[in-house]
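Q: One file is attached below, entry27.cif, containing mmCIF, C-alpha atoms.
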data_start
loop_
_atom_site.label_atom_id
_atom_site.label_comp_id
_atom_site.auth_asym_id
_atom_site.auth_seq_id
_atom_site.Cartn_x
_atom_site.Cartn_y
_atom_site.Cartn_z
CA ILE A 28 -12.29 -2.76 20.39
CA GLU A 29 -13.41 -1.26 17.06
CA ALA A 30 -12.30 2.20 18.12
CA LYS A 31 -8.94 0.88 19.25
CA LEU A 32 -8.41 -0.92 15.93
CA GLU A 33 -9.41 2.18 13.94
CA ARG A 34 -6.81 4.28 15.79
CA ASN A 35 -4.15 2.27 13.97
CA ALA A 36 -2.92 4.34 11.01
CA TRP A 37 -3.10 1.30 8.71
CA VAL A 38 -6.76 0.49 9.46
CA ARG A 39 -9.46 2.19 7.36
CA ASN A 40 -12.46 0.50 8.98
CA ALA A 41 -13.08 -2.15 11.64
CA GLU A 42 -16.32 -3.95 12.41
CA LEU A 43 -16.80 -6.49 15.17
CA PHE A 44 -20.09 -8.25 15.79
CA PHE A 45 -21.61 -11.52 16.92
CA ASP A 46 -23.47 -13.51 14.28
CA ASN A 47 -26.64 -15.60 14.86
CA LYS A 48 -24.57 -18.46 16.25
CA GLN A 49 -22.89 -16.16 18.77
CA VAL A 50 -19.54 -16.35 16.94
CA LEU A 51 -17.52 -13.17 16.97
CA GLN A 52 -16.99 -11.86 13.42
CA VAL A 53 -14.12 -9.44 12.85
CA ARG A 54 -13.84 -7.49 9.60
CA VAL A 55 -10.90 -5.17 9.18
CA GLU A 56 -10.31 -3.08 6.06
CA GLU A 57 -6.75 -1.87 5.87
CA LYS A 58 -5.36 1.08 3.94
CA GLU A 59 -3.32 0.13 0.92
CA PRO A 60 -0.08 2.04 0.32
CA LEU A 61 0.30 3.55 -3.14
CA ALA A 62 3.80 5.06 -3.04
CA ARG A 63 6.84 5.50 -0.81
CA VAL A 64 7.73 9.14 -0.19
CA PHE A 65 11.01 10.66 0.98
CA THR A 66 10.75 14.28 2.12
CA THR A 67 13.33 17.05 1.84
CA ASP A 68 13.56 17.14 5.64
CA GLY A 69 14.73 13.51 5.79
CA ASN A 70 11.51 11.70 6.70
CA SER A 71 9.97 8.76 4.87
CA TYR A 72 6.48 7.29 4.83
CA TYR A 73 3.90 5.66 2.59
CA ILE A 74 1.02 7.45 0.97
CA SER A 75 -2.34 5.82 0.29
CA ARG A 76 -5.33 6.91 -1.75
CA ASN A 77 -6.77 10.31 -0.93
CA GLY A 78 -3.37 11.51 0.22
CA GLU A 79 -3.40 9.71 3.55
CA TRP A 80 0.02 9.40 5.19
CA LEU A 81 0.95 5.97 6.50
CA PRO A 82 3.93 5.31 8.76
CA LEU A 83 6.59 2.84 7.71
CA SER A 84 5.95 -0.69 8.89
CA GLU A 85 8.39 -2.69 10.98
CA HIS A 86 6.96 -5.88 9.48
CA PHE A 87 7.18 -5.33 5.74
CA SER A 88 8.50 -3.09 3.00
CA ALA A 89 6.09 -2.65 0.11
CA ARG A 90 7.36 -2.66 -3.48
CA LEU A 91 5.97 0.65 -4.65
CA PRO A 92 6.97 3.64 -6.76
CA VAL A 93 9.43 5.85 -4.87
CA PHE A 94 9.09 9.64 -4.84
CA THR A 95 11.96 11.74 -3.50
CA ASN A 96 12.32 15.42 -2.55
CA TYR A 97 8.75 15.86 -1.35
CA PRO A 98 8.59 19.45 -0.03
CA GLY A 99 7.42 19.49 3.55
CA SER A 100 6.40 16.99 6.17
CA SER A 101 3.66 14.42 6.46
CA GLY A 102 0.35 15.77 7.63
CA ALA A 103 1.10 19.39 6.65
CA ILE A 104 -0.79 19.69 3.37
CA ASN A 105 -1.56 22.99 1.69
CA ARG A 106 -3.35 23.47 -1.62
CA ALA A 107 -0.19 23.09 -3.73
CA ASP A 108 0.72 19.93 -1.81
CA SER A 109 -2.72 18.39 -2.39
CA LEU A 110 -2.34 18.86 -6.17
CA LEU A 111 1.15 17.35 -6.01
CA VAL A 112 -0.15 14.36 -4.03
CA LEU A 113 -2.94 13.87 -6.58
CA ASN A 114 -0.31 13.85 -9.37
CA MET A 115 1.75 11.35 -7.37
CA GLU A 116 -1.31 9.10 -7.03
CA GLN A 117 -1.94 9.21 -10.79
CA VAL A 118 1.63 8.26 -11.66
CA SER A 119 1.78 5.57 -8.96
CA ASP A 120 -1.50 4.07 -10.12
CA TYR A 121 -0.18 3.81 -13.67
CA LEU A 122 3.16 2.32 -12.63
CA LEU A 123 1.57 -0.29 -10.39
CA LYS A 124 -0.56 -1.50 -13.30
CA ASP A 125 2.30 -1.63 -15.82
CA PRO A 126 5.00 -4.24 -15.07
CA PHE A 127 7.48 -2.84 -17.62
CA TRP A 128 7.47 0.70 -16.25
CA MET A 129 7.33 -0.50 -12.66
CA SER A 130 10.58 -2.38 -13.23
CA GLN A 131 12.19 0.40 -15.33
CA VAL A 132 11.51 3.34 -12.97
CA ALA A 133 14.05 3.49 -10.14
CA GLN A 134 12.65 6.65 -8.55
CA ILE A 135 10.72 9.80 -9.30
CA ASP A 136 12.30 13.05 -8.16
CA ILE A 137 10.04 15.99 -7.37
CA THR A 138 11.53 19.23 -8.72
CA PRO A 139 11.15 22.64 -7.01
CA ALA A 140 8.52 23.44 -9.67
CA ARG A 141 6.53 20.39 -8.40
CA THR A 142 7.03 18.41 -11.59
CA PHE A 143 8.53 14.94 -11.92
CA GLU A 144 11.87 13.73 -13.19
CA ILE A 145 12.11 9.98 -13.57
CA VAL A 146 15.36 8.15 -12.95
CA PRO A 147 15.32 4.90 -14.94
CA VAL A 148 16.94 1.65 -13.84
CA ILE A 149 18.59 1.11 -17.24
CA GLY A 150 20.25 4.07 -18.95
CA ASN A 151 21.97 7.24 -17.78
CA HIS A 152 19.28 9.63 -18.92
CA ILE A 153 16.73 11.59 -16.92
CA ILE A 154 13.12 11.64 -18.07
CA GLU A 155 11.51 15.05 -17.62
CA PHE A 156 7.92 13.98 -17.11
CA GLY A 157 6.10 17.16 -16.12
CA ASP A 158 3.15 16.74 -13.79
CA GLY A 159 1.02 13.62 -13.43
CA ALA A 160 -1.64 14.73 -15.91
CA GLU A 161 -2.12 12.38 -18.87
CA CYS A 162 0.56 10.07 -17.55
CA ALA A 163 -0.65 7.14 -19.69
CA LYS A 164 -0.05 9.17 -22.86
CA LYS A 165 3.38 10.26 -21.62
CA PHE A 166 4.44 6.70 -20.84
CA ARG A 167 3.10 5.53 -24.21
CA LYS A 168 5.18 8.22 -26.02
CA LEU A 169 8.19 7.24 -23.97
CA LEU A 170 7.77 3.55 -24.80
CA ILE A 171 7.60 4.36 -28.52
CA PHE A 172 10.79 6.43 -28.13
CA TYR A 173 12.48 3.53 -26.35
CA GLN A 174 11.41 1.08 -29.08
CA GLN A 175 12.15 3.23 -32.11
CA VAL A 176 15.11 5.35 -31.04
CA LEU A 177 16.90 3.98 -27.98
CA SER A 178 16.85 0.46 -29.38
CA LYS A 179 19.07 1.78 -32.20
CA THR A 180 21.20 4.39 -30.43
CA GLY A 181 21.61 2.66 -27.06
CA MET A 182 20.26 3.54 -23.63
CA ASP A 183 23.08 5.97 -22.85
CA ALA A 184 22.94 8.15 -26.00
CA TYR A 185 20.77 10.85 -24.43
CA GLU A 186 21.14 13.01 -21.36
CA LYS A 187 17.48 14.02 -21.05
CA ILE A 188 14.26 12.79 -22.54
CA LYS A 189 11.38 15.23 -22.20
CA VAL A 190 7.83 13.88 -22.51
CA GLN A 191 5.88 16.70 -20.87
CA PHE A 192 5.08 18.39 -24.20
CA LYS A 193 1.91 17.56 -26.15
CA ASP A 194 2.36 15.09 -29.01
CA GLN A 195 6.15 15.10 -28.97
CA VAL A 196 9.26 13.76 -27.29
CA VAL A 197 12.30 16.03 -27.03
CA ALA A 198 15.63 14.32 -26.41
CA VAL A 199 18.91 16.04 -25.53
CA LYS A 200 21.96 14.12 -26.75
CA LEU A 201 24.73 13.34 -24.32
CA GLU A 202 27.82 15.41 -25.03
CA ASN A 203 30.99 13.36 -25.42
#
So that I can check it, write out the structure of this file as structure tokens.
A:
Amino acid sequence: IEAKLERNAWVRNAELFFDNKQVLQVRVEEKEPLARVFTTDGNSYYISRNGEWLPLSEHFSARLPVFTNYPGSSGAINRADSLLVLNMEQVSDYLLKDPFWMSQVAQIDITPARTFEIVPVIGNHIIEFGDGAECAKKFRKLLIFYQQVLSKTGMDAYEKIKVQFKDQVVAVKLEN
């Protein structure tokens, strides 16, 4: 029974045993999805820690960060893909712990250069994020920009906001 349970893509570990009172104990550890991924070839799935692919569930839809334009298919991971997946995990981890950014980020597009562009829920700008390295610093810089600049100019004053550079935010004004 354990082996059959562990064949399920959502199960990390299953243990079944009888205790001293001859009562069957069942312990199942399930994999926790970290992000929803849409590939360039039209597929969609969840990704968990360590880059494990999880199929979509018929029973629930998890509220997770959404990544689009993932190059390739599930299961086919090369070295460049593994670094991209690690970056996706870092950004997803941060977003899941921060309620403001989780509600402000509509989706994260993966560019051909394997960097991220964030599409916000509020505002018509695109946030050029770079890779997932130092994502906490990037989100902190972006929050300061939102508080000190966008609060005065409005959410639609800029076309692009670039946070991938060290110690600076570069914003491109929207042309009228």
Q: If I take atom CA of Tyr185 of chain A and atom CA of Tyr173 of chain A, how far is one from the other in Å, to one decimal?
A: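 Atom-to-atom, atom CA of Tyr185 of chain A to atom CA of Tyr173 of chain A, that is 11.2 Å.
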Q: Run the PyMOL selection byres ((chain A and resi 186-202) around 12) against the file shown and list the residues it catches, as number ranges by chain.
A: A: 142-147, 150-173, 175-177, 180-185, 203
Q: Keeping only C-alpha atoms, write the selected residues as a PDB file, in the coordinates of the input.
A:
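And here's selection.pdb as it stands now:
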ATOM      1  CA  THR A 142       7.030  18.410 -11.590  1.00  0.00           C
ATOM      2  CA  PHE A 143       8.530  14.940 -11.920  1.00  0.00           C
ATOM      3  CA  GLU A 144      11.870  13.730 -13.190  1.00  0.00           C
ATOM      4  CA  ILE A 145      12.110   9.980 -13.570  1.00  0.00           C
ATOM      5  CA  VAL A 146      15.360   8.150 -12.950  1.00  0.00           C
ATOM      6  CA  PRO A 147      15.320   4.900 -14.940  1.00  0.00           C
ATOM      7  CA  GLY A 150      20.250   4.070 -18.950  1.00  0.00           C
ATOM      8  CA  ASN A 151      21.970   7.240 -17.780  1.00  0.00           C
ATOM      9  CA  HIS A 152      19.280   9.630 -18.920  1.00  0.00           C
ATOM     10  CA  ILE A 153      16.730  11.590 -16.920  1.00  0.00           C
ATOM     11  CA  ILE A 154      13.120  11.640 -18.070  1.00  0.00           C
ATOM     12  CA  GLU A 155      11.510  15.050 -17.620  1.00  0.00           C
ATOM     13  CA  PHE A 156       7.920  13.980 -17.110  1.00  0.00           C
ATOM     14  CA  GLY A 157       6.100  17.160 -16.120  1.00  0.00           C
ATOM     15  CA  ASP A 158       3.150  16.740 -13.790  1.00  0.00           C
ATOM     16  CA  GLY A 159       1.020  13.620 -13.430  1.00  0.00           C
ATOM     17  CA  ALA A 160      -1.640  14.730 -15.910  1.00  0.00           C
ATOM     18  CA  GLU A 161      -2.120  12.380 -18.870  1.00  0.00           C
ATOM     19  CA  CYS A 162       0.560  10.070 -17.550  1.00  0.00           C
ATOM     20  CA  ALA A 163      -0.650   7.140 -19.690  1.00  0.00           C
ATOM     21  CA  LYS A 164      -0.050   9.170 -22.860  1.00  0.00           C
ATOM     22  CA  LYS A 165       3.380  10.260 -21.620  1.00  0.00           C
ATOM     23  CA  PHE A 166       4.440   6.700 -20.840  1.00  0.00           C
ATOM     24  CA  ARG A 167       3.100   5.530 -24.210  1.00  0.00           C
ATOM     25  CA  LYS A 168       5.180   8.220 -26.020  1.00  0.00           C
ATOM     26  CA  LEU A 169       8.190   7.240 -23.970  1.00  0.00           C
ATOM     27  CA  LEU A 170       7.770   3.550 -24.800  1.00  0.00           C
ATOM     28  CA  ILE A 171       7.600   4.360 -28.520  1.00  0.00           C
ATOM     29  CA  PHE A 172      10.790   6.430 -28.130  1.00  0.00           C
ATOM     30  CA  TYR A 173      12.480   3.530 -26.350  1.00  0.00           C
ATOM     31  CA  GLN A 175      12.150   3.230 -32.110  1.00  0.00           C
ATOM     32  CA  VAL A 176      15.110   5.350 -31.040  1.00  0.00           C
ATOM     33  CA  LEU A 177      16.900   3.980 -27.980  1.00  0.00           C
ATOM     34  CA  THR A 180      21.200   4.390 -30.430  1.00  0.00           C
ATOM     35  CA  GLY A 181      21.610   2.660 -27.060  1.00  0.00           C
ATOM     36  CA  MET A 182      20.260   3.540 -23.630  1.00  0.00           C
ATOM     37  CA  ASP A 183      23.080   5.970 -22.850  1.00  0.00           C
ATOM     38  CA  ALA A 184      22.940   8.150 -26.000  1.00  0.00           C
ATOM     39  CA  TYR A 185      20.770  10.850 -24.430  1.00  0.00           C
ATOM     40  CA  ASN A 203      30.990  13.360 -25.420  1.00  0.00           C
TER      41      ASN A 203
END
Q: Dump as a Markdown table the rows for residues of segment 86-153 of chain A within 7 Å of segment 56-65 of chain A: closest atom pair and distance in Å with one decimal, only C-alpha atoms counted, ordered by chain and rising residue number.
A:
| residue | atom | partner | partner_atom | distance |
| --- | --- | --- | --- | --- |
| A:Leu91 | CA | A:Ala62 | CA | 5.2 |
| A:Pro92 | CA | A:Ala62 | CA | 5.1 |
| A:Val93 | CA | A:Arg63 | CA | 4.8 |
| A:Phe94 | CA | A:Val64 | CA | 4.9 |
| A:Thr95 | CA | A:Phe65 | CA | 4.7 |
| A:Asn96 | CA | A:Phe65 | CA | 6.1 |
| A:Tyr97 | CA | A:Phe65 | CA | 6.1 |
| A:Glu116 | CA | A:Leu61 | CA | 7.0 |
| A:Ser119 | CA | A:Ala62 | CA | 6.3 |
Q: With only C-alpha atoms as the basis for distance, which of A:Val53, A:Ala36, A:Leu111, A:Leu83 is at the shortest distance from Ala140 of chain A?
A: A:Leu111
Q: Could you state the separation of atom CA of Pro98 of chain A and atom CA of Arg39 of chain A in Å, given to one decimal place?
A: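 So the two atoms, atom CA of Pro98 of chain A and atom CA of Arg39 of chain A, lie 26.0 Å apart.
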Q: For Phe44 of chain A, work out the shell of residues within 10 Å, counting only C-alpha atoms and skipping chain neighbours fewer than 6 positions away, then give it as a ChimeraX atom specification.
A: /A:29,50-54
Q: Report, in Å with one decimal, the straight-line distance from atom CA of Ala30 of chain A to atom CA of Ala89 of chain A.
A: 26.2 Å
Q: Could you check which of A:Arg90, A:Lys179, A:Lys31, A:Arg141 is closest to Tyr73 of chain A, using all atoms listed in the file?
A: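 Under the stated criterion, the closest residue is A:Arg90.
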